[in-house]
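Next comes target39.tsv, a file with TSV, C-alpha atoms (C1' of nucleotides).
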chain	number	residue	atom	x	y	z
A	15	MET	CA	59.54	179.76	81.07
A	16	THR	CA	58.09	182.55	83.02
A	17	GLU	CA	61.07	184.79	82.38
A	18	ASP	CA	61.56	185.47	78.73
A	19	PRO	CA	64.77	187.41	78.01
A	20	ALA	CA	63.38	188.43	74.64
A	21	ARG	CA	60.93	190.84	76.19
A	22	HIS	CA	63.61	192.56	78.22
A	23	ARG	CA	63.07	195.65	76.17
A	24	ALA	CA	60.29	197.97	76.97
A	25	ASP	CA	58.89	201.47	76.76
A	26	ALA	CA	60.26	202.46	80.14
A	27	ALA	CA	63.75	201.52	79.11
A	28	GLU	CA	64.53	205.10	78.26
A	29	ASP	CA	64.18	206.06	81.90
A	30	LEU	CA	66.90	203.61	82.74
A	31	ALA	CA	69.16	204.69	79.93
A	32	ARG	CA	70.25	207.77	81.82
A	33	GLY	CA	71.29	205.83	84.87
A	34	ARG	CA	73.73	203.15	83.87
A	35	GLY	CA	73.74	202.25	80.22
A	36	GLY	CA	76.57	200.47	78.53
A	37	ALA	CA	77.13	202.77	75.58
A	38	ALA	CA	75.66	206.19	76.36
A	39	GLU	CA	77.63	207.15	79.44
A	40	ASP	CA	76.65	210.45	80.95
A	41	PRO	CA	73.68	212.01	79.14
A	42	VAL	CA	72.87	214.73	81.64
A	43	ARG	CA	71.59	213.20	84.81
A	44	ASP	CA	69.01	215.54	86.21
A	45	PRO	CA	69.84	217.43	89.43
A	46	ALA	CA	67.52	215.39	91.65
A	47	ASP	CA	69.30	212.30	90.43
A	48	ARG	CA	72.69	213.53	91.53
A	49	VAL	CA	71.37	214.87	94.82
A	50	PHE	CA	69.93	211.49	95.78
A	51	GLY	CA	73.08	209.73	94.74
A	52	ALA	CA	75.17	212.15	96.76
A	53	LEU	CA	72.95	211.92	99.83
A	54	ALA	CA	72.88	208.13	99.72
A	55	ASP	CA	76.38	207.85	101.12
A	56	PRO	CA	76.85	208.16	104.91
A	57	THR	CA	80.32	209.67	104.61
A	58	ARG	CA	78.99	212.42	102.37
A	59	ARG	CA	76.17	213.17	104.79
A	60	ALA	CA	78.74	213.35	107.56
A	61	LEU	CA	80.74	215.77	105.44
A	62	LEU	CA	77.72	217.99	104.93
A	63	ASP	CA	77.10	218.03	108.67
A	64	LEU	CA	80.69	219.00	109.41
A	65	ILE	CA	80.84	221.71	106.77
A	66	ALA	CA	77.51	223.19	107.82
A	67	GLU	CA	78.71	223.14	111.41
A	68	GLN	CA	81.89	225.06	110.63
A	69	GLY	CA	80.50	227.24	107.89
A	70	GLU	CA	83.58	226.64	105.78
A	71	ALA	CA	86.04	223.78	105.62
A	72	THR	CA	88.91	222.41	103.56
A	73	ALA	CA	89.41	218.81	102.50
A	74	THR	CA	92.42	218.52	104.76
A	75	SER	CA	90.64	219.86	107.82
A	76	LEU	CA	87.71	217.53	107.17
A	77	ALA	CA	90.05	214.57	106.78
A	78	VAL	CA	91.21	215.16	110.35
A	79	ARG	CA	87.67	214.81	111.69
A	80	LEU	CA	86.65	211.82	109.61
A	81	PRO	CA	88.26	208.38	109.65
A	82	VAL	CA	89.08	208.39	105.95
A	83	SER	CA	91.96	209.71	103.88
A	84	ARG	CA	92.05	213.20	102.41
A	85	GLN	CA	91.78	211.80	98.91
A	86	ALA	CA	88.56	210.01	99.78
A	87	ILE	CA	87.23	213.29	101.18
A	88	VAL	CA	88.20	215.08	98.01
A	89	LYS	CA	86.31	212.57	95.88
A	90	HIS	CA	83.23	212.91	98.05
A	91	LEU	CA	83.43	216.69	97.89
A	92	ALA	CA	83.60	216.47	94.12
A	93	VAL	CA	80.38	214.43	94.14
A	94	LEU	CA	78.70	216.89	96.48
A	95	ASP	CA	79.86	219.74	94.29
A	96	ALA	CA	78.50	218.06	91.16
A	97	ALA	CA	75.21	217.62	92.96
A	98	GLY	CA	75.17	221.32	93.80
A	99	LEU	CA	75.14	220.62	97.52
A	100	VAL	CA	78.39	222.46	98.23
A	101	THR	CA	80.44	225.23	96.67
A	102	ALA	CA	84.19	225.14	96.23
A	103	ALA	CA	86.16	228.38	96.44
A	104	ARG	CA	89.89	228.53	96.02
A	105	VAL	CA	91.58	230.89	98.45
A	106	GLY	CA	95.32	230.98	98.03
A	107	ARG	CA	96.67	227.50	98.42
A	108	GLU	CA	93.54	226.02	99.93
A	109	VAL	CA	90.04	225.22	98.69
A	110	ARG	CA	87.19	226.17	100.99
A	111	TYR	CA	83.90	224.32	100.81
A	112	ALA	CA	80.55	225.59	102.02
A	113	VAL	CA	77.08	224.07	102.03
A	114	ARG	CA	74.51	225.28	99.49
A	115	PRO	CA	70.95	225.15	100.82
A	116	ASP	CA	69.15	225.92	97.56
A	117	ALA	CA	69.91	222.59	95.86
A	118	LEU	CA	68.67	220.74	98.93
A	119	ASP	CA	65.59	222.88	99.12
A	120	ALA	CA	64.84	222.48	95.41
A	121	THR	CA	64.99	218.71	95.73
A	122	ALA	CA	62.79	218.85	98.81
A	123	ARG	CA	60.18	220.81	96.88
A	124	TRP	CA	60.39	218.36	94.00
A	125	MET	CA	59.83	215.43	96.34
A	126	SER	CA	56.97	217.17	98.04
A	127	ALA	CA	55.29	217.83	94.71
A	128	LEU	CA	55.72	214.20	93.74
A	129	ALA	CA	54.19	213.08	97.02
A	130	SER	CA	51.20	215.31	96.35
A	131	GLU	CA	50.85	213.82	92.89
A	132	TRP	CA	50.82	210.30	94.33
A	133	ASP	CA	48.26	211.39	96.86
A	134	ARG	CA	46.06	212.80	94.12
A	135	ARG	CA	46.23	209.58	92.11
A	136	LEU	CA	45.53	207.41	95.12
A	137	ALA	CA	42.53	209.52	96.03
A	138	ALA	CA	41.21	209.24	92.49
A	139	LEU	CA	41.63	205.47	92.50
A	140	LYS	CA	39.83	205.24	95.81
A	141	ARG	CA	36.87	207.19	94.46
A	142	ILE	CA	36.66	204.89	91.45
A	143	ALA	CA	36.80	201.81	93.67
A	144	GLU	CA	33.99	203.13	95.85
A	145	SER	CA	31.71	204.24	93.05
A	146	GLY	CA	32.35	201.15	90.93
B	134	MET	CA	78.34	199.47	102.20
B	135	THR	CA	76.65	200.13	105.47
B	136	GLU	CA	78.41	197.43	107.43
B	137	ASP	CA	82.17	197.36	107.30
B	138	PRO	CA	83.77	194.09	108.36
B	139	ALA	CA	86.75	195.97	109.72
B	140	ARG	CA	84.31	198.23	111.49
B	141	HIS	CA	86.16	201.35	112.38
B	142	ARG	CA	85.68	203.81	109.56
B	143	ALA	CA	82.08	203.43	108.52
B	144	ASP	CA	80.96	203.45	112.14
B	145	ALA	CA	82.57	206.74	112.95
B	146	ALA	CA	81.18	208.28	109.80
B	147	GLU	CA	77.78	206.94	110.67
B	148	ASP	CA	77.96	208.44	114.15
B	149	LEU	CA	78.79	211.81	112.73
B	150	ALA	CA	76.02	211.55	110.19
B	151	ARG	CA	73.51	210.82	112.89
B	152	GLY	CA	74.31	213.94	114.80
B	153	ARG	CA	76.79	214.36	117.56
B	154	GLY	CA	76.35	213.00	121.00
B	155	GLY	CA	72.64	212.95	121.58
B	156	ALA	CA	71.16	209.80	123.01
B	157	ALA	CA	67.83	210.62	121.42
B	158	GLU	CA	68.38	210.53	117.68
B	159	ASP	CA	66.02	212.11	115.25
B	160	PRO	CA	63.27	209.60	114.47
B	161	VAL	CA	62.95	211.09	111.01
B	162	ARG	CA	66.60	210.65	110.19
B	163	ASP	CA	66.78	206.90	109.97
B	164	PRO	CA	63.87	206.62	107.50
B	165	ALA	CA	65.34	209.47	105.50
B	166	ASP	CA	68.53	207.48	105.39
B	167	ARG	CA	66.84	204.55	103.71
B	168	VAL	CA	64.77	206.79	101.47
B	169	PHE	CA	67.90	208.36	100.01
B	170	GLY	CA	69.43	204.97	99.43
B	171	ALA	CA	66.27	203.74	97.76
B	172	LEU	CA	65.87	206.82	95.60
B	173	ALA	CA	69.50	206.77	94.51
B	174	ASP	CA	68.85	203.94	92.06
B	175	PRO	CA	67.33	204.79	88.65
B	176	THR	CA	65.55	201.46	88.34
B	177	ARG	CA	63.81	202.01	91.67
B	178	ARG	CA	62.74	205.49	90.63
B	179	ALA	CA	61.37	204.03	87.40
B	180	LEU	CA	59.48	201.47	89.47
B	181	LEU	CA	57.93	204.19	91.61
B	182	ASP	CA	56.84	206.02	88.47
B	183	LEU	CA	55.23	202.92	87.02
B	184	ILE	CA	53.46	201.94	90.23
B	185	ALA	CA	52.18	205.46	90.81
B	186	GLU	CA	50.97	205.52	87.23
B	187	GLN	CA	48.99	202.31	87.60
B	188	GLY	CA	47.95	202.74	91.20
B	189	GLU	CA	48.77	199.13	91.94
B	190	ALA	CA	51.18	196.69	90.38
B	191	THR	CA	52.75	193.28	90.89
B	192	ALA	CA	56.41	192.38	90.46
B	193	THR	CA	55.59	190.29	87.43
B	194	SER	CA	53.59	193.02	85.71
B	195	LEU	CA	56.37	195.50	86.38
B	196	ALA	CA	58.99	193.11	85.01
B	197	VAL	CA	57.20	193.26	81.66
B	198	ARG	CA	57.58	197.03	81.45
B	199	LEU	CA	61.16	197.27	82.64
B	200	PRO	CA	64.23	195.77	80.96
B	201	VAL	CA	65.21	193.70	84.00
B	202	SER	CA	64.19	190.32	85.36
B	203	ARG	CA	61.37	189.79	87.83
B	204	GLN	CA	63.85	188.83	90.54
B	205	ALA	CA	65.65	192.13	90.17
B	206	ILE	CA	62.28	193.89	90.47
B	207	VAL	CA	61.47	191.93	93.59
B	208	LYS	CA	64.74	192.97	95.21
B	209	HIS	CA	64.13	196.60	94.37
B	210	LEU	CA	60.59	196.43	95.71
B	211	ALA	CA	61.95	195.02	98.96
B	212	VAL	CA	64.27	198.01	99.25
B	213	LEU	CA	61.44	200.42	98.48
B	214	ASP	CA	59.28	198.66	101.04
B	215	ALA	CA	61.99	198.89	103.70
B	216	ALA	CA	62.27	202.60	102.93
B	217	GLY	CA	58.53	202.97	103.41
B	218	LEU	CA	58.06	204.21	99.87
B	219	VAL	CA	55.70	201.41	98.85
B	220	THR	CA	53.30	199.02	100.54
B	221	ALA	CA	53.05	195.32	99.76
B	222	ALA	CA	49.67	193.60	100.05
B	223	ARG	CA	49.19	189.91	99.35
B	224	VAL	CA	45.97	189.19	97.47
B	225	GLY	CA	45.54	185.54	96.75
B	226	ARG	CA	48.49	184.34	94.75
B	227	GLU	CA	49.84	187.75	93.90
B	228	VAL	CA	51.45	190.62	95.80
B	229	ARG	CA	50.22	194.09	94.94
B	230	TYR	CA	52.44	197.10	95.49
B	231	ALA	CA	51.28	200.70	95.87
B	232	VAL	CA	53.18	203.94	96.41
B	233	ARG	CA	53.13	205.56	99.85
B	234	PRO	CA	53.35	209.35	99.67
B	235	ASP	CA	53.83	210.00	103.38
B	236	ALA	CA	57.39	208.65	103.58
B	237	LEU	CA	58.36	210.78	100.62
B	238	ASP	CA	56.70	213.81	102.07
B	239	ALA	CA	58.31	213.30	105.48
B	240	THR	CA	61.74	213.14	103.91
B	241	ALA	CA	60.98	216.23	101.85
B	242	ARG	CA	60.07	218.11	105.02
B	243	TRP	CA	63.23	216.92	106.72
B	244	MET	CA	65.36	218.11	103.82
B	245	SER	CA	63.59	221.43	103.74
B	246	ALA	CA	64.20	221.93	107.45
B	247	LEU	CA	67.87	221.08	107.00
B	248	ALA	CA	68.12	223.57	104.14
B	249	SER	CA	66.65	226.24	106.38
B	250	GLU	CA	69.15	225.40	109.08
B	251	TRP	CA	72.03	225.80	106.63
B	252	ASP	CA	70.57	229.08	105.50
B	253	ARG	CA	70.39	230.30	109.08
B	254	ARG	CA	74.01	229.41	109.74
B	255	LEU	CA	75.22	230.98	106.53
B	256	ALA	CA	73.34	234.17	107.31
B	257	ALA	CA	74.90	234.26	110.78
B	258	LEU	CA	78.37	233.77	109.35
B	259	LYS	CA	77.79	236.53	106.85
B	260	ARG	CA	76.77	238.93	109.60
B	261	ILE	CA	79.92	238.12	111.55
B	262	ALA	CA	82.07	238.63	108.48
B	263	GLU	CA	80.51	242.00	107.75
B	264	SER	CA	80.63	243.30	111.31
B	265	GLY	CA	84.16	242.04	111.89
C	58	DC	C1'	43.55	166.81	89.74
C	59	DA	C1'	46.30	168.45	86.19
C	60	DT	C1'	47.69	172.64	84.52
C	61	DT	C1'	48.94	177.23	84.62
C	62	DA	C1'	50.60	181.27	86.29
C	63	DC	C1'	52.99	183.85	90.45
C	64	DC	C1'	55.89	184.02	93.99
C	65	DG	C1'	60.15	182.88	97.05
C	66	DC	C1'	64.82	181.18	97.81
C	67	DA	C1'	69.61	180.39	96.64
C	68	DA	C1'	73.73	180.50	94.14
C	69	DC	C1'	76.35	182.93	91.15
C	70	DC	C1'	78.49	186.83	88.02
C	71	DC	C1'	80.00	191.48	87.36
C	72	DC	C1'	81.35	196.17	87.87
C	73	DA	C1'	80.81	200.91	89.85
C	74	DG	C1'	82.57	203.28	93.40
C	75	DA	C1'	84.54	203.88	98.18
C	76	DG	C1'	88.94	203.73	99.95
C	77	DT	C1'	93.99	203.47	99.68
C	78	DT	C1'	99.02	204.71	98.59
C	79	DG	C1'	102.52	207.42	96.29
C	80	DC	C1'	104.31	211.28	94.24
C	81	DA	C1'	104.39	215.78	91.79
C	82	DC	C1'	102.86	220.64	91.90
C	83	DA	C1'	101.64	225.12	94.07
C	84	DT	C1'	101.65	228.38	97.74
C	85	DC	C1'	102.68	230.47	102.23
C	86	DG	C1'	105.96	231.90	106.00
C	87	DA	C1'	110.66	232.63	107.78
D	282	DT	C1'	115.51	230.78	98.93
D	283	DC	C1'	113.98	226.79	101.41
D	284	DG	C1'	111.10	224.05	104.12
D	285	DA	C1'	106.30	223.25	105.41
D	286	DT	C1'	101.71	222.63	104.20
D	287	DG	C1'	97.71	221.87	101.18
D	288	DT	C1'	96.16	220.30	96.69
D	289	DG	C1'	95.96	217.47	92.28
D	290	DC	C1'	96.58	213.28	89.66
D	291	DA	C1'	97.05	208.39	88.87
D	292	DA	C1'	97.12	203.51	89.63
D	293	DC	C1'	95.42	200.06	92.50
D	294	DT	C1'	92.45	197.00	95.79
D	295	DC	C1'	88.18	195.16	97.22
D	296	DT	C1'	83.54	195.07	98.88
D	297	DG	C1'	78.46	195.83	98.00
D	298	DG	C1'	74.76	195.52	95.46
D	299	DG	C1'	72.44	195.24	90.94
D	300	DG	C1'	71.57	191.66	87.77
D	301	DT	C1'	70.95	186.88	86.28
D	302	DT	C1'	69.57	181.83	86.11
D	303	DG	C1'	67.40	177.79	88.02
D	304	DC	C1'	64.18	175.45	90.67
D	305	DG	C1'	60.78	174.39	94.12
D	306	DG	C1'	56.24	175.89	96.38
D	307	DT	C1'	51.47	177.46	96.12
D	308	DA	C1'	47.23	179.44	94.76
D	309	DA	C1'	43.78	179.95	90.73
D	310	DT	C1'	41.28	177.71	86.65
D	311	DG	C1'	39.44	174.19	83.59
What does this structure look like when you write it as structure tokens?
Amino acid sequence: MTEDPARHRADAAEDLARGRGGAAEDPVRDPADRVFGALADPTRRALLDLIAEQGEATATSLAVRLPVSRQAIVKHLAVLDAAGLVTAARVGREVRYAVRPDALDATARWMSALASEWDRRLAALKRIAESG
Amino acid sequence: MTEDPARHRADAAEDLARGRGGAAEDPVRDPADRVFGALADPTRRALLDLIAEQGEATATSLAVRLPVSRQAIVKHLAVLDAAGLVTAARVGREVRYAVRPDALDATARWMSALASEWDRRLAALKRIAESG
DNA sequence: CATTACCGCAACCCCAGAGTTGCACATCGA
DNA sequence: TCGATGTGCAACTCTGGGGTTGCGGTAATG
């Protein structure tokens, strides 16, 4: 009786709504969200490494260097593009991808700020514990 | 998705993601790996918010504020713990979780350094393009 | 010591997404 | 113009992990 399904509705539910909710599908996931999701996959990180290494690369050329099909690469590149981690530029019959440092850097700054915030709170709690 | 039974694709991708060739792999990379995976889930990010907000929290108390079962919370906390994003301290009959800013900050620094590296390469490529 | 919370383990369900194959379309070079 | 090459789209498979339920173990409280 410890787990009551009836109370499976709470104030923080709205935070979850943007992730995976049955009805509302894609209500603007914030950039950091997509960056983390993109970076969570090892193949996508490998792609970023390869593109950064070559400066520019096409899906076909990347498919040669990774043990997955071109279509899989294309899907991953679409995710990376949506996350703002790469840019796609069509040149003639091919599409050239390049890494985009600013999205990565922005997320890094966001994380760093959050870490500082946690630090601040922890320090405050420690002071209260000591004085109380 | 990390371990492929037919281990030939995921492994190669993993090798590439870890940086080519070097016997000594970046000690920061592996943690960053898990941090991305942990942060990729909206429920886990919500958990981090709640814990940071309260300073300390138990799985049961968190289950009240999130629309998922306690067991789900426990699993997520295990992931966050493995990623170094939270600490778990047993106090009597309960387990208290607290956020750990350093792992987050370390990953932020790693991302920032990577962004700088990309910037450097892009700048070099641009110079070549202009001079050529 | 009986009761009351918490926690841990295990089995199970379900679906998003990583990966595939196949083919049609567009563009370059000869 | 024709073949070669690179891309786009669609349907499909299948594993991982997020979620659940149920129950047994253990520490606090009266």
Would you tabulate, counting all atoms listed in the file, all residues of chain A that have an atom at most 10 Å from an atom of chain C, showing the closest pair of atoms and their distance in Å to one decimal, sorted by chain then ascending number, as a tab-separated table?
residue	atom	partner	partner_atom	distance
A:Thr16	CA	C:DA62	C1'	8.3
A:Arg34	CA	C:DA73	C1'	9.5
A:Asp55	CA	C:DA75	C1'	9.5
A:Thr57	CA	C:DA75	C1'	9.6
A:Val82	CA	C:DG76	C1'	7.6
A:Ser83	CA	C:DG76	C1'	7.8
A:Gln85	CA	C:DG76	C1'	8.6
A:Ala86	CA	C:DG76	C1'	6.3
A:Ile87	CA	C:DG76	C1'	9.8
A:Lys89	CA	C:DA75	C1'	9.2
A:His90	CA	C:DA75	C1'	9.1
A:Gly106	CA	C:DT84	C1'	6.8
A:Arg107	CA	C:DT84	C1'	5.1
A:Glu108	CA	C:DT84	C1'	8.7
Output of the above residues as a PDB file, in the frame of the given file, restricted to C-alpha atoms:
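Dumped everything to out.pdb:
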ATOM      1  CA  THR A  16      58.090 182.550  83.020  1.00  0.00           C
ATOM      2  CA  ARG A  34      73.730 203.150  83.870  1.00  0.00           C
ATOM      3  CA  ASP A  55      76.380 207.850 101.120  1.00  0.00           C
ATOM      4  CA  THR A  57      80.320 209.670 104.610  1.00  0.00           C
ATOM      5  CA  VAL A  82      89.080 208.390 105.950  1.00  0.00           C
ATOM      6  CA  SER A  83      91.960 209.710 103.880  1.00  0.00           C
ATOM      7  CA  GLN A  85      91.780 211.800  98.910  1.00  0.00           C
ATOM      8  CA  ALA A  86      88.560 210.010  99.780  1.00  0.00           C
ATOM      9  CA  ILE A  87      87.230 213.290 101.180  1.00  0.00           C
ATOM     10  CA  LYS A  89      86.310 212.570  95.880  1.00  0.00           C
ATOM     11  CA  HIS A  90      83.230 212.910  98.050  1.00  0.00           C
ATOM     12  CA  GLY A 106      95.320 230.980  98.030  1.00  0.00           C
ATOM     13  CA  ARG A 107      96.670 227.500  98.420  1.00  0.00           C
ATOM     14  CA  GLU A 108      93.540 226.020  99.930  1.00  0.00           C
TER      15      GLU A 108
END
Surrounding residues of Gly188 of chain B excluding itself and chain neighbours under 2 positions, 10 Å, only C-alpha atoms (C1' of nucleotides), as a list of chain:residue names | A:Trp132, A:Arg135, A:Leu136, A:Ala137, A:Ala138, A:Leu139, A:Lys140, B:Asp182, B:Leu183, B:Ile184, B:Ala185, B:Glu186, B:Ala190, B:Arg229, B:Tyr230, B:Ala231, B:Val232
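In this comparison, which uses all atoms listed in the file, the residue of B:Glu250, B:Asp166, B:Glu189, B:Glu263 approaching Leu237 of chain B most closely is B:Asp166.
Of the listed residues B:Ala216, B:Val224, B:Ala236, B:Ala165, the one whose atoms come nearest to chain D is B:Val224, with distances taken using all atoms listed in the file.
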Sorted by chain and rising residue number, list the residues of chain D at most 8 Å from chain B (counting only C-alpha atoms (C1' of nucleotides)), each with its closest atom pair and distance in Å to one decimal, as a Markdown table.
| residue | atom | partner | partner_atom | distance |
| --- | --- | --- | --- | --- |
| D:DT296 | C1' | B:Met134 | CA | 7.6 |
| D:DG297 | C1' | B:Met134 | CA | 5.6 |
| D:DG299 | C1' | B:Ala205 | CA | 7.5 |
| D:DG300 | C1' | B:Ala205 | CA | 6.4 |
| D:DT301 | C1' | B:Ser202 | CA | 7.6 |
| D:DT307 | C1' | B:Arg226 | CA | 7.6 |
| D:DA308 | C1' | B:Arg226 | CA | 5.1 |
| D:DA309 | C1' | B:Arg226 | CA | 7.6 |
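Residues within 8 Å of Ala171 of chain B, counting only C-alpha atoms (C1' of nucleotides) and excluding same-chain residues fewer than 3 positions away, are Arg167, Val168, Asp174, Arg177, Val212, Leu213 and Ala216 of chain B.
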